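Here's data-v8.txt, which has compact mmCIF, C-alpha atoms:
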```txt
# COMPACT_ATOMS: atom_id res chain seq x y z
CA MET A 1 56.72 -56.98 71.73
CA ASN A 2 58.18 -53.79 73.20
CA ASN A 3 60.22 -50.98 71.75
CA GLN A 4 63.53 -52.14 73.23
CA ALA A 5 63.10 -55.56 71.74
CA ASN A 6 62.89 -53.92 68.36
CA GLY A 7 66.03 -51.88 68.95
CA LEU A 8 63.92 -48.74 69.34
CA ASP A 9 63.81 -46.13 72.07
CA PRO A 10 61.18 -43.42 72.65
CA LYS A 11 63.56 -40.60 71.70
CA THR A 12 64.38 -42.21 68.35
CA GLN A 13 60.70 -42.86 67.72
CA ARG A 14 59.81 -39.23 68.37
CA ARG A 15 62.58 -38.02 66.05
CA ALA A 16 61.44 -40.46 63.36
CA VAL A 17 57.85 -39.21 63.58
CA ILE A 18 58.94 -35.57 63.31
CA ALA A 19 61.36 -36.28 60.45
CA ALA A 20 58.81 -38.29 58.48
CA THR A 21 55.85 -35.98 58.99
CA ILE A 22 57.56 -32.64 58.34
CA GLY A 23 58.28 -33.56 54.73
CA ASN A 24 54.75 -34.84 54.31
CA VAL A 25 53.42 -31.51 55.60
CA LEU A 26 55.47 -29.70 52.95
CA GLU A 27 54.42 -32.14 50.21
CA ILE A 28 50.70 -31.77 50.84
CA TYR A 29 51.04 -28.04 51.58
CA ASP A 30 52.56 -27.42 48.14
CA PHE A 31 49.82 -29.40 46.46
CA ILE A 32 47.10 -27.75 48.56
CA ILE A 33 48.14 -24.18 47.82
CA PHE A 34 48.47 -24.97 44.12
CA GLY A 35 44.84 -26.10 44.24
CA ILE A 36 43.43 -23.31 46.42
CA PHE A 37 45.22 -20.63 44.39
CA ALA A 38 44.24 -22.24 41.08
CA VAL A 39 42.32 -19.17 39.91
CA ALA A 40 45.25 -16.84 40.68
CA ILE A 41 47.75 -19.21 39.04
CA SER A 42 45.58 -19.50 35.93
CA ARG A 43 45.54 -15.72 35.57
CA THR A 44 49.29 -15.44 36.12
CA PHE A 45 50.72 -18.21 33.92
CA PHE A 46 48.16 -18.63 31.13
CA PRO A 47 46.72 -16.31 28.46
CA SER A 48 43.79 -14.22 29.64
CA GLY A 49 40.44 -14.04 27.86
CA ASP A 50 38.78 -17.39 28.62
CA GLU A 51 38.57 -18.03 32.36
CA TYR A 52 37.37 -21.62 31.96
CA ALA A 53 40.17 -22.50 29.51
CA ALA A 54 42.83 -20.91 31.73
CA LEU A 55 41.47 -22.75 34.77
CA MET A 56 41.45 -26.05 32.87
CA PHE A 57 45.06 -25.50 31.79
CA THR A 58 45.93 -24.88 35.44
CA PHE A 59 44.26 -28.14 36.48
CA MET A 60 46.10 -29.93 33.67
CA THR A 61 49.34 -28.57 35.10
CA PHE A 62 48.15 -29.70 38.53
CA ALA A 63 47.49 -33.17 37.09
CA ALA A 64 50.93 -33.24 35.42
CA GLY A 65 52.49 -33.43 38.87
CA PHE A 66 50.56 -36.65 39.45
CA VAL A 67 51.53 -38.16 36.10
CA VAL A 68 55.23 -38.21 37.02
CA ARG A 69 54.59 -39.47 40.56
CA PRO A 70 54.88 -43.16 39.55
CA ILE A 71 58.28 -42.46 38.00
CA GLY A 72 59.42 -40.77 41.20
CA ALA A 73 58.01 -43.65 43.24
CA LEU A 74 59.92 -46.24 41.21
CA VAL A 75 63.21 -44.34 41.04
CA LEU A 76 63.28 -42.90 44.54
CA GLY A 77 61.54 -45.93 46.04
CA GLN A 78 64.26 -48.20 44.68
CA TYR A 79 66.81 -45.78 46.09
CA ALA A 80 65.15 -45.98 49.53
CA ASP A 81 64.96 -49.77 49.43
CA LYS A 82 68.65 -50.03 48.51
CA VAL A 83 70.40 -47.30 50.52
CA GLY A 84 67.87 -46.60 53.27
CA ARG A 85 64.87 -44.49 54.27
CA LYS A 86 66.94 -41.69 55.78
CA LYS A 87 68.91 -40.77 52.64
CA ALA A 88 65.85 -41.02 50.40
CA LEU A 89 63.75 -38.78 52.63
CA SER A 90 66.48 -36.12 52.79
CA PHE A 91 66.82 -36.14 49.00
CA THR A 92 63.08 -35.92 48.29
CA LEU A 93 62.74 -32.93 50.61
CA LEU A 94 65.43 -31.03 48.69
CA LEU A 95 63.64 -31.78 45.41
CA MET A 96 60.34 -30.55 46.87
CA ALA A 97 61.92 -27.27 47.92
CA LEU A 98 63.35 -26.77 44.42
CA GLY A 99 59.93 -27.37 42.88
CA THR A 100 58.37 -24.83 45.24
CA ILE A 101 60.73 -22.08 44.04
CA VAL A 102 59.09 -22.02 40.59
CA PRO A 103 55.59 -20.70 41.40
CA ALA A 104 57.09 -18.47 44.09
CA LEU A 105 59.50 -16.62 41.78
CA CYS A 106 58.73 -17.37 38.11
CA PRO A 107 57.69 -14.29 36.05
CA SER A 108 54.14 -14.15 34.71
CA TYR A 109 52.81 -14.93 31.22
CA ASP A 110 52.42 -11.21 30.57
CA SER A 111 56.14 -10.75 31.27
CA ILE A 112 57.82 -13.63 29.41
CA GLY A 113 55.01 -15.27 27.46
CA ILE A 114 54.77 -19.02 26.96
CA ALA A 115 58.11 -19.50 28.77
CA ALA A 116 56.27 -18.81 32.04
CA THR A 117 53.85 -21.65 31.35
CA VAL A 118 56.67 -24.04 30.44
CA ILE A 119 58.67 -23.19 33.58
CA LEU A 120 55.55 -23.67 35.74
CA VAL A 121 54.93 -27.10 34.24
CA LEU A 122 58.58 -28.12 34.75
CA GLY A 123 58.42 -27.04 38.39
CA ARG A 124 55.21 -29.00 38.83
CA LEU A 125 56.83 -32.09 37.30
CA LEU A 126 59.72 -31.81 39.76
CA GLN A 127 57.26 -31.54 42.65
CA GLY A 128 55.39 -34.60 41.43
CA PHE A 129 58.59 -36.62 40.99
CA SER A 130 59.74 -35.83 44.53
CA ALA A 131 56.29 -36.48 46.02
CA GLY A 132 56.25 -39.90 44.35
CA GLY A 133 59.35 -40.86 46.29
CA GLU A 134 58.29 -39.19 49.52
CA ILE A 135 55.23 -41.26 50.44
CA GLY A 136 56.75 -44.76 50.27
CA SER A 137 59.84 -43.80 52.26
CA ASN A 138 57.69 -41.79 54.65
CA VAL A 139 55.33 -44.64 55.51
CA ALA A 140 58.22 -47.11 55.71
CA MET A 141 60.04 -44.83 58.14
CA LEU A 142 56.96 -44.49 60.37
CA VAL A 143 55.93 -48.15 60.40
CA GLU A 144 59.47 -49.50 60.80
CA ASN A 145 60.08 -47.25 63.80
CA ALA A 146 56.91 -48.45 65.53
CA SER A 147 56.57 -51.30 67.96
CA GLY A 148 54.12 -54.14 67.46
CA ARG A 149 51.59 -52.35 69.62
CA ASN A 150 51.45 -48.97 67.92
CA ARG A 151 52.01 -49.55 64.21
CA ALA A 152 48.54 -48.25 63.32
CA LEU A 153 49.09 -45.14 65.43
CA PHE A 154 52.44 -44.44 63.79
CA SER A 155 51.07 -45.04 60.30
CA SER A 156 48.20 -42.62 61.05
CA PHE A 157 50.75 -39.82 61.39
CA GLN A 158 51.11 -39.88 57.60
CA GLN A 159 47.55 -38.67 57.11
CA MET A 160 47.74 -36.48 60.21
CA ALA A 161 50.69 -34.69 58.56
CA GLN A 162 48.57 -34.22 55.46
CA GLY A 163 45.98 -32.61 57.71
CA GLY A 164 48.74 -30.34 58.99
CA GLY A 165 49.56 -29.35 55.42
CA VAL A 166 45.88 -28.62 54.72
CA LEU A 167 45.65 -26.57 57.91
CA LEU A 168 48.81 -24.60 57.11
CA GLY A 169 47.60 -23.96 53.56
CA GLY A 170 44.24 -22.72 54.82
CA VAL A 171 45.80 -20.46 57.45
CA VAL A 172 48.28 -18.93 55.01
CA GLY A 173 45.59 -18.47 52.35
CA PHE A 174 43.21 -16.84 54.84
CA ILE A 175 45.87 -14.44 56.14
CA ILE A 176 46.86 -13.38 52.63
CA ALA A 177 43.22 -12.88 51.61
CA VAL A 178 42.41 -10.83 54.73
CA VAL A 179 45.57 -8.70 54.73
CA TYR A 180 45.74 -7.94 51.01
CA GLY A 181 42.15 -8.43 49.86
CA GLN A 182 40.87 -10.73 47.15
CA GLU A 183 41.86 -8.62 44.12
CA ARG A 184 45.43 -7.94 45.26
CA MET A 185 45.82 -11.57 46.31
CA LEU A 186 44.80 -12.70 42.82
CA GLN A 187 47.50 -10.52 41.30
CA ASP A 188 50.81 -11.50 42.87
CA TYR A 189 50.42 -11.75 46.64
CA TRP A 190 49.37 -15.40 46.36
CA ARG A 191 53.08 -16.14 45.77
CA LEU A 192 53.71 -15.50 49.46
CA ALA A 193 52.11 -18.88 50.19
CA PHE A 194 54.82 -20.66 48.19
CA ILE A 195 57.55 -18.60 49.88
CA VAL A 196 56.27 -19.97 53.21
CA GLY A 197 56.78 -23.47 51.78
CA LEU A 198 60.40 -22.63 50.99
CA VAL A 199 61.05 -22.06 54.70
CA ILE A 200 59.86 -25.57 55.64
CA GLY A 201 62.27 -27.40 53.32
CA PRO A 202 65.62 -26.58 54.95
CA VAL A 203 64.21 -27.21 58.44
CA GLY A 204 62.95 -30.65 57.45
CA TRP A 205 66.20 -31.53 55.69
CA TYR A 206 68.23 -30.64 58.79
CA ILE A 207 66.03 -32.84 60.98
CA ARG A 208 66.10 -35.79 58.57
CA ARG A 209 69.84 -35.87 57.97
CA ALA A 210 70.49 -36.54 61.68
CA LEU A 211 68.05 -39.45 61.90
CA PRO A 212 69.36 -43.03 62.21
CA GLU A 213 68.25 -45.71 59.76
CA THR A 214 65.35 -47.97 60.78
CA PRO A 215 66.36 -51.24 62.50
CA GLU A 216 63.94 -53.20 60.31
CA PHE A 217 65.61 -51.94 57.13
CA GLU A 218 69.08 -52.68 58.51
CA ARG A 219 68.05 -56.26 59.32
CA SER A 220 66.65 -56.68 55.82
CA ALA A 221 69.78 -55.18 54.23
CA ARG A 222 72.00 -57.70 56.05
CA GLN A 223 70.17 -60.51 54.23
CA GLY A 224 71.77 -59.43 50.96
CA PRO A 225 71.17 -56.96 48.11
CA ALA A 226 67.64 -56.27 46.93
CA ASP A 227 66.29 -58.00 43.85
CA SER A 228 66.63 -56.35 40.46
CA PHE A 229 64.03 -53.80 39.43
CA LEU A 230 62.17 -56.07 36.98
CA THR A 231 62.24 -59.04 39.34
CA SER A 232 60.82 -56.93 42.16
CA VAL A 233 58.04 -55.47 40.02
CA LYS A 234 57.05 -58.90 38.70
CA ALA A 235 57.04 -60.47 42.16
CA ASN A 236 54.94 -57.66 43.65
CA SER A 237 52.62 -56.74 40.77
CA GLY A 238 49.56 -58.22 42.49
CA ARG A 239 50.33 -56.33 45.69
CA ILE A 240 50.68 -53.10 43.72
CA LEU A 241 47.21 -53.61 42.19
CA ILE A 242 45.72 -54.06 45.66
CA GLY A 243 47.54 -50.95 46.82
CA ILE A 244 46.14 -48.94 43.91
CA ALA A 245 42.62 -50.10 44.77
CA ILE A 246 43.10 -49.03 48.39
CA MET A 247 43.87 -45.54 47.10
CA ILE A 248 40.52 -44.94 45.35
CA PHE A 249 38.47 -43.32 48.12
CA TRP A 250 41.57 -41.99 49.88
CA THR A 251 42.76 -39.92 46.95
CA VAL A 252 39.37 -38.89 45.57
CA ALA A 253 38.21 -37.64 48.99
CA THR A 254 41.51 -35.79 49.45
CA GLN A 255 41.28 -34.07 46.08
CA VAL A 256 37.59 -33.25 46.52
CA SER A 257 38.48 -31.64 49.85
CA ASN A 258 41.30 -29.68 48.19
CA TYR A 259 38.94 -28.62 45.37
CA PHE A 260 36.49 -27.01 47.78
CA THR A 261 38.11 -23.57 47.45
CA THR A 262 37.70 -23.46 43.66
CA TYR A 263 34.27 -25.11 43.84
CA ALA A 264 32.87 -22.73 46.45
CA VAL A 265 34.19 -19.60 44.72
CA ARG A 266 33.44 -20.57 41.11
CA GLU A 267 30.21 -22.55 41.45
CA LEU A 268 28.65 -21.11 44.61
CA ASN A 269 30.00 -17.53 44.47
CA MET A 270 31.27 -17.64 48.05
CA PRO A 271 33.94 -15.21 49.34
CA VAL A 272 37.43 -16.65 48.94
CA ALA A 273 38.35 -15.95 52.59
CA SER A 274 35.45 -18.15 53.74
CA THR A 275 36.75 -21.06 51.68
CA TYR A 276 40.13 -20.84 53.41
CA LEU A 277 38.35 -21.14 56.75
CA GLY A 278 36.88 -24.35 55.37
CA GLN A 279 40.39 -25.63 54.63
CA ILE A 280 41.43 -24.74 58.18
CA ALA A 281 38.47 -26.69 59.59
CA SER A 282 39.33 -29.66 57.37
CA GLY A 283 42.99 -29.65 58.44
CA LEU A 284 42.13 -29.39 62.14
CA THR A 285 39.68 -32.27 61.83
CA LEU A 286 42.33 -34.53 60.28
CA LEU A 287 44.91 -33.50 62.88
CA LEU A 288 42.55 -34.47 65.69
CA ILE A 289 40.89 -37.58 64.31
CA CYS A 290 43.80 -39.44 62.69
CA PRO A 291 45.77 -40.29 65.88
CA LEU A 292 42.54 -41.32 67.61
CA VAL A 293 41.65 -43.62 64.72
CA GLY A 294 45.20 -44.99 64.73
CA MET A 295 44.97 -45.89 68.42
CA LEU A 296 41.58 -47.49 67.84
CA ALA A 297 42.94 -49.51 64.90
CA ASP A 298 45.74 -50.87 67.09
CA ARG A 299 42.97 -52.45 69.18
CA ILE A 300 40.34 -53.53 66.64
CA GLY A 301 42.32 -53.69 63.39
CA PRO A 302 42.40 -51.24 60.47
CA TYR A 303 39.56 -52.57 58.32
CA LYS A 304 36.61 -51.55 60.49
CA PRO A 305 37.51 -47.82 60.65
CA MET A 306 38.21 -47.85 56.90
CA ALA A 307 34.81 -49.41 56.23
CA TRP A 308 33.11 -46.85 58.49
CA GLY A 309 34.79 -43.99 56.63
CA ALA A 310 33.95 -45.24 53.14
CA GLY A 311 30.42 -46.26 54.16
CA LEU A 312 29.59 -42.89 55.74
CA ALA A 313 30.93 -41.04 52.71
CA GLY A 314 28.88 -43.23 50.39
CA VAL A 315 25.71 -42.34 52.28
CA LEU A 316 26.39 -38.67 53.10
CA ALA A 317 28.39 -37.21 50.19
CA TYR A 318 25.51 -36.32 47.86
CA PRO A 319 23.16 -34.96 50.58
CA LEU A 320 26.00 -32.84 51.98
CA PHE A 321 26.75 -31.21 48.63
CA LYS A 322 23.03 -30.74 47.98
CA MET A 323 22.72 -28.92 51.30
CA LEU A 324 25.74 -26.73 50.51
CA ALA A 325 24.42 -25.83 47.04
CA ALA A 326 21.04 -24.90 48.54
CA THR A 327 22.58 -22.89 51.40
CA PRO A 328 26.06 -21.66 50.40
CA THR A 329 26.97 -20.07 53.73
CA LEU A 330 30.11 -20.32 55.85
CA PRO A 331 28.53 -22.47 58.63
CA VAL A 332 27.24 -25.00 56.08
CA LEU A 333 30.57 -25.03 54.25
CA LEU A 334 32.41 -25.71 57.52
CA MET A 335 29.99 -28.49 58.45
CA VAL A 336 30.34 -30.17 55.04
CA GLN A 337 34.13 -30.01 55.02
CA ILE A 338 34.38 -31.30 58.59
CA ALA A 339 32.02 -34.19 57.79
CA ILE A 340 34.00 -35.20 54.70
CA SER A 341 37.27 -34.88 56.61
CA ILE A 342 35.96 -37.23 59.31
CA THR A 343 35.15 -39.89 56.72
CA LEU A 344 38.55 -39.34 55.09
CA GLY A 345 40.32 -39.57 58.45
CA LEU A 346 38.63 -42.84 59.36
CA TYR A 347 39.79 -44.37 56.09
CA ALA A 348 43.15 -42.73 55.48
CA ALA A 349 44.51 -43.04 59.01
CA CYS A 350 44.52 -46.84 58.56
CA ALA A 351 45.28 -47.17 54.85
CA PRO A 352 49.09 -46.65 55.17
CA LEU A 353 49.34 -49.55 57.64
CA VAL A 354 47.33 -51.85 55.36
CA MET A 355 49.56 -50.93 52.42
CA SER A 356 52.78 -51.35 54.45
CA GLU A 357 51.75 -54.85 55.52
CA ILE A 358 51.14 -55.89 51.92
CA PHE A 359 54.79 -55.43 50.92
CA PRO A 360 57.97 -57.07 52.28
CA THR A 361 60.54 -54.77 53.92
CA ARG A 362 63.01 -54.96 51.04
CA TYR A 363 60.37 -53.66 48.60
CA ARG A 364 58.20 -51.61 50.97
CA ALA A 365 59.18 -48.06 49.94
CA THR A 366 58.93 -48.85 46.22
CA GLY A 367 55.69 -50.81 46.59
CA ILE A 368 53.86 -48.27 48.73
CA GLY A 369 55.16 -45.35 46.69
CA THR A 370 54.22 -46.93 43.36
CA SER A 371 50.74 -47.95 44.55
CA TYR A 372 50.13 -44.53 46.03
CA ALA A 373 51.45 -42.67 42.97
CA LEU A 374 49.48 -44.72 40.45
CA GLY A 375 46.33 -44.50 42.55
CA VAL A 376 46.66 -40.75 42.93
CA MET A 377 47.46 -40.31 39.23
CA ILE A 378 44.50 -42.39 38.04
CA PHE A 379 41.84 -41.46 40.59
CA GLY A 380 43.03 -38.26 42.27
CA GLY A 381 45.09 -36.01 40.04
CA LEU A 382 42.37 -35.78 37.42
CA THR A 383 39.60 -35.11 39.97
CA PRO A 384 39.58 -31.26 39.76
CA MET A 385 39.64 -31.36 35.95
CA ILE A 386 36.99 -34.10 35.71
CA VAL A 387 34.65 -32.42 38.20
CA THR A 388 35.06 -28.99 36.58
CA THR A 389 34.35 -30.47 33.13
CA LEU A 390 31.34 -32.46 34.30
CA ILE A 391 29.85 -29.39 35.95
CA GLN A 392 30.57 -27.27 32.86
CA VAL A 393 28.97 -29.81 30.51
CA SER A 394 25.99 -30.85 32.64
CA GLY A 395 25.36 -27.64 34.53
CA ASP A 396 24.82 -29.78 37.64
CA LYS A 397 26.79 -28.55 40.66
CA LEU A 398 26.02 -31.76 42.55
CA ILE A 399 28.10 -33.98 40.23
CA ILE A 400 30.94 -33.67 42.73
CA GLY A 401 28.83 -35.44 45.38
CA LEU A 402 28.06 -38.33 43.04
CA TYR A 403 31.74 -38.62 42.12
CA LEU A 404 32.75 -38.93 45.78
CA THR A 405 29.92 -41.40 46.46
CA ALA A 406 31.09 -43.69 43.64
CA ALA A 407 34.67 -43.68 44.95
CA ALA A 408 33.48 -44.48 48.49
CA LEU A 409 31.33 -47.41 47.38
CA LEU A 410 34.17 -48.86 45.28
CA SER A 411 36.51 -48.73 48.26
CA LEU A 412 33.88 -50.24 50.55
CA ALA A 413 33.59 -53.21 48.18
CA LEU A 414 37.39 -53.55 48.19
CA ILE A 415 37.56 -53.61 51.98
CA ALA A 416 34.95 -56.39 52.08
CA THR A 417 37.06 -58.36 49.58
CA LEU A 418 40.28 -57.86 51.59
CA VAL A 419 38.57 -58.99 54.79
CA ARG A 420 37.30 -62.15 53.07
CA MET A 421 40.80 -62.85 51.69
CA GLN A 422 42.30 -62.38 55.15
CA ARG A 423 39.78 -64.79 56.75
CA LYS A 424 40.48 -67.44 54.09
CA SER A 425 44.25 -67.18 54.64
CA VAL A 426 43.79 -67.55 58.42
CA MET A 427 41.50 -70.57 58.01
CA ALA A 428 43.94 -72.16 55.56
```

Would you give me this structure, written as structure tokens?
Amino acid sequence: MNNQANGLDPKTQRRAVIAATIGNVLEIYDFIIFGIFAVAISRTFFPSGDEYAALMFTFMTFAAGFVVRPIGALVLGQYADKVGRKKALSFTLLLMALGTIVPALCPSYDSIGIAATVILVLGRLLQGFSAGGEIGSNVAMLVENASGRNRALFSSFQQMAQGGGVLLGGVVGFIIAVVYGQERMLQDYWRLAFIVGLVIGPVGWYIRRALPETPEFERSARQGPADSFLTSVKANSGRILIGIAIMIFWTVATQVSNYFTTYAVRELNMPVASTYLGQIASGLTLLLICPLVGMLADRIGPYKPMAWGAGLAGVLAYPLFKMLAATPTLPVLLMVQIAISITLGLYAACAPLVMSEIFPTRYRATGIGTSYALGVMIFGGLTPMIVTTLIQVSGDKLIIGLYLTAAALLSLALIATLVRMQRKSVMA
């Protein structure tokens, strides 16, 4: 099956990849910088006096963005499945940009009191709503613009773009920390990171609005209108549950990686600039490994790389964090973050393809988006708050390694189950 047979040409494919990934870069960038500047945000938007309480309120605000993701996935996913991927992706990017304005420009708690906290939460909810609609349409756009021979490669660009967002967040954070110093950065200069995000939005919107609709969606649309919302949910509820399960290691590993900045500064007393170098190393690793894994998966299938990623994380997570706690230096931090990013890349580069193949075209954006949003909300969004609380209560800095190990082993068991189900369906 070649590209021309699918109504695709290389130029359209390249434009589709750029259009899909640029919004994903912005989406993960906004979430990354909210996490890596959590200490600064807690000091700006919450009452001072109790650092732990302020940090927990910040992580609760961070988690609030994940709570509304399923709503965004359902609403915007239905929109994408009815009117097309192109219009949905343009709309979600505008919503993301609006949500980014809030932390960039909102006055502090000292200036306007509790109103600052409320405005921050509302902005975070808007970001979460838009992100819920972004992922399903994004993956659908990538997979439906691929040929039969490179669907895994194209789907891997979703996680590669997330690596780009991590890299950009780390670079921006490092520059701000070096230029302005840690104390000045913690005051108001951290806002510059969100202003950078505002620049990405209009560029991505311009690129997306000129993109044609995917041929696969147009063929599906010609078969008649999509089913009603309730009918679609009922018909695909089992697929959604499988999609949520696929998300376990993917989202926990992502959030653990994002949490490294807070963890290294708060628990290990490392310089904040060093932690941003760790984010840069993590982002570069994902940028490099994801396309390679995608190409490999097009040859051997997606389940083997996913199993390798989850299996390696299950074995290595705890020893890696134990090593970092014993030797909290920049080289060890870089090694640990690169190792975790490799396991994440092996798994997450293939997961979008597996999820896209679960759902039919006419429900793909809604199904992927809902599975992703629910999985992230349940297993990912609460990760920083859970880990911080467990460490606070137990006094054990290595809890984070056990948490990641448990997620990896759960996902490894799921992959084994999916492979058995696939073999039974082939034999039948």

Discussion item. Report as a VMD selection string all protein, DNA and RNA residues lying within 10 Å of Gln279 (chain A), evaluated on only C-alpha atoms, omitting residues in the same chain fewer than 4 positions from it.
Written reply: chain A and resid 32 36 163 165 to 171 173 to 174 257 to 261 274 to 275 283 to 285 333 to 334 337 to 338 341

Keeping C-alpha atoms, export the residues of the selection given above as a PDB file, in the coordinates of the input.
```pdb
ATOM      1  CA  ILE A  32      47.100 -27.750  48.560  1.00  0.00           C
ATOM      2  CA  ILE A  36      43.430 -23.310  46.420  1.00  0.00           C
ATOM      3  CA  GLY A 163      45.980 -32.610  57.710  1.00  0.00           C
ATOM      4  CA  GLY A 165      49.560 -29.350  55.420  1.00  0.00           C
ATOM      5  CA  VAL A 166      45.880 -28.620  54.720  1.00  0.00           C
ATOM      6  CA  LEU A 167      45.650 -26.570  57.910  1.00  0.00           C
ATOM      7  CA  LEU A 168      48.810 -24.600  57.110  1.00  0.00           C
ATOM      8  CA  GLY A 169      47.600 -23.960  53.560  1.00  0.00           C
ATOM      9  CA  GLY A 170      44.240 -22.720  54.820  1.00  0.00           C
ATOM     10  CA  VAL A 171      45.800 -20.460  57.450  1.00  0.00           C
ATOM     11  CA  GLY A 173      45.590 -18.470  52.350  1.00  0.00           C
ATOM     12  CA  PHE A 174      43.210 -16.840  54.840  1.00  0.00           C
ATOM     13  CA  SER A 257      38.480 -31.640  49.850  1.00  0.00           C
ATOM     14  CA  ASN A 258      41.300 -29.680  48.190  1.00  0.00           C
ATOM     15  CA  TYR A 259      38.940 -28.620  45.370  1.00  0.00           C
ATOM     16  CA  PHE A 260      36.490 -27.010  47.780  1.00  0.00           C
ATOM     17  CA  THR A 261      38.110 -23.570  47.450  1.00  0.00           C
ATOM     18  CA  SER A 274      35.450 -18.150  53.740  1.00  0.00           C
ATOM     19  CA  THR A 275      36.750 -21.060  51.680  1.00  0.00           C
ATOM     20  CA  GLY A 283      42.990 -29.650  58.440  1.00  0.00           C
ATOM     21  CA  LEU A 284      42.130 -29.390  62.140  1.00  0.00           C
ATOM     22  CA  THR A 285      39.680 -32.270  61.830  1.00  0.00           C
ATOM     23  CA  LEU A 333      30.570 -25.030  54.250  1.00  0.00           C
ATOM     24  CA  LEU A 334      32.410 -25.710  57.520  1.00  0.00           C
ATOM     25  CA  GLN A 337      34.130 -30.010  55.020  1.00  0.00           C
ATOM     26  CA  ILE A 338      34.380 -31.300  58.590  1.00  0.00           C
ATOM     27  CA  SER A 341      37.270 -34.880  56.610  1.00  0.00           C
TER      28      SER A 341
END
```

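Of the residues under consideration (A:Met306, A:Ala326, A:Ala19, A:Leu409), A:Ala19 shows the shortest atom-to-atom contact distance to Leu142 (chain A) when counting only C-alpha atoms.
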
Item to complete: Please write as a ChimeraX atom specification the list of polymer residues whose atoms come within 12 Å of (54.2, -31.2, 51.4), counting only C-alpha atoms and keeping to the coordinates of the file.
Response: /A:20-34,92-97,99-100,127-128,130-132,134-135,138,158-159,161-169,194,196-201,204

Discussion item. For a test of reading the model, state the distance in Å between CA of Phe66 (chain A) and CA of Ile18 (chain A), rounded to one decimal.
Written reply: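 Pair CA of Phe66 (chain A) / CA of Ile18 (chain A) returns 25.3 Å.
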
Worksheet entry | Expected answer as a PyMOL selection string: all residues with atoms within 9 Å of (41.2, -48.9, 46.5), all atoms listed in the file | chain A and resi 241-250+375+407+410-415

Item to complete: For Val143 (chain A), work out the shell of residues within 10 Å, counting only C-alpha atoms and skipping chain neighbours fewer than 5 positions away, then give it as a PyMOL selection string.
Response: chain A and resi 16-17+138+148+150-158+214+216+352-353+356-357

Worksheet entry | Near-Gly380 (chain A) list (7 Å; only C-alpha atoms; drop same-chain fewer than 5 positions) as a PyMOL selection string | chain A and resi 251-252+255

Item to complete: Quick one: everything within 6 Å of Thr44 (chain A), counting all atoms listed in the file, minus sequence neighbours fewer than 2 positions away in the same chain. Send it as a PyMOL selection string.
Response: chain A and resi 41-42+108

For those residues, write C-alpha atoms to a file as an mmCIF file, in the frame of the given file.
```cif
data_model
loop_
_atom_site.group_PDB
_atom_site.id
_atom_site.type_symbol
_atom_site.label_atom_id
_atom_site.label_comp_id
_atom_site.auth_asym_id
_atom_site.auth_seq_id
_atom_site.Cartn_x
_atom_site.Cartn_y
_atom_site.Cartn_z
ATOM 1 C CA ILE A 41 47.750 -19.210 39.040
ATOM 2 C CA SER A 42 45.580 -19.500 35.930
ATOM 3 C CA SER A 108 54.140 -14.150 34.710
#
```

Is it possible to get the axis-aligned box enclosing region 176-186 of chain A (all listed atoms, 3 Å extra per side) as AutoDock Vina command-line options, with centre and edge lengths in Å rounded to one decimal?
```
--center_x 43.9 --center_y -10.7 --center_z 48.8 --size_x 12.0 --size_y 11.4 --size_z 17.9
```

Fill in: Distance query Ser137 (chain A) at most 7 Å, only C-alpha atoms, self and fewer than 5 positions along chain excluded, as a list in words
Gly77, Ala80, Arg85, Ala88, Leu89 and Ala365 of chain A

Worksheet item: Suppose you want the space between CA of Ile280 (chain A) and CA of Thr254 (chain A); what is it in Å?
Response: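 Going from CA of Ile280 (chain A) over to CA of Thr254 (chain A), I get 14.1 Å.
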
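For the pair CA of Thr58 (chain A) and CA of Ala351 (chain A), the separation is 29.6 Å.
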
Fill in: Which residue of A:Ala313, A:Met377, A:Leu398, A:Thr262 approaches Tyr52 (chain A) most closely, using all atoms listed in the file
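The answer is A:Thr262, which sits nearest to Tyr52 (chain A).
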
Worksheet item: Smallest atom-to-atom distance to Ala310 (chain A): which of A:Cys350, A:Ala408, A:Phe37, A:Ala273, using all atoms listed in the file?
Response: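 Looking only at the distances to Ala310 (chain A), the closest residue turns out to be A:Ala408.
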
Item to complete: Return the single residue from A:Ile71, A:Ala63, A:Val354, A:Cys106 that is closest to Phe45 (chain A), with distances computed using all atoms listed in the file.
Response: A:Cys106

Worksheet item: Which of these residues is nearest to Lys87 (chain A), using only C-alpha atoms: A:Lys234, A:Pro212, A:Gly35, A:Asp110?
Response: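 Under the stated criterion, the closest residue is A:Pro212.
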
Discussion item. Using all atoms listed in the file for the distances, tell me which of A:Leu404, A:Thr361, A:Leu330, A:Met385 is nearest to Val139 (chain A).
Written reply: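 Closest to Val139 (chain A), using all atoms listed in the file: A:Thr361.
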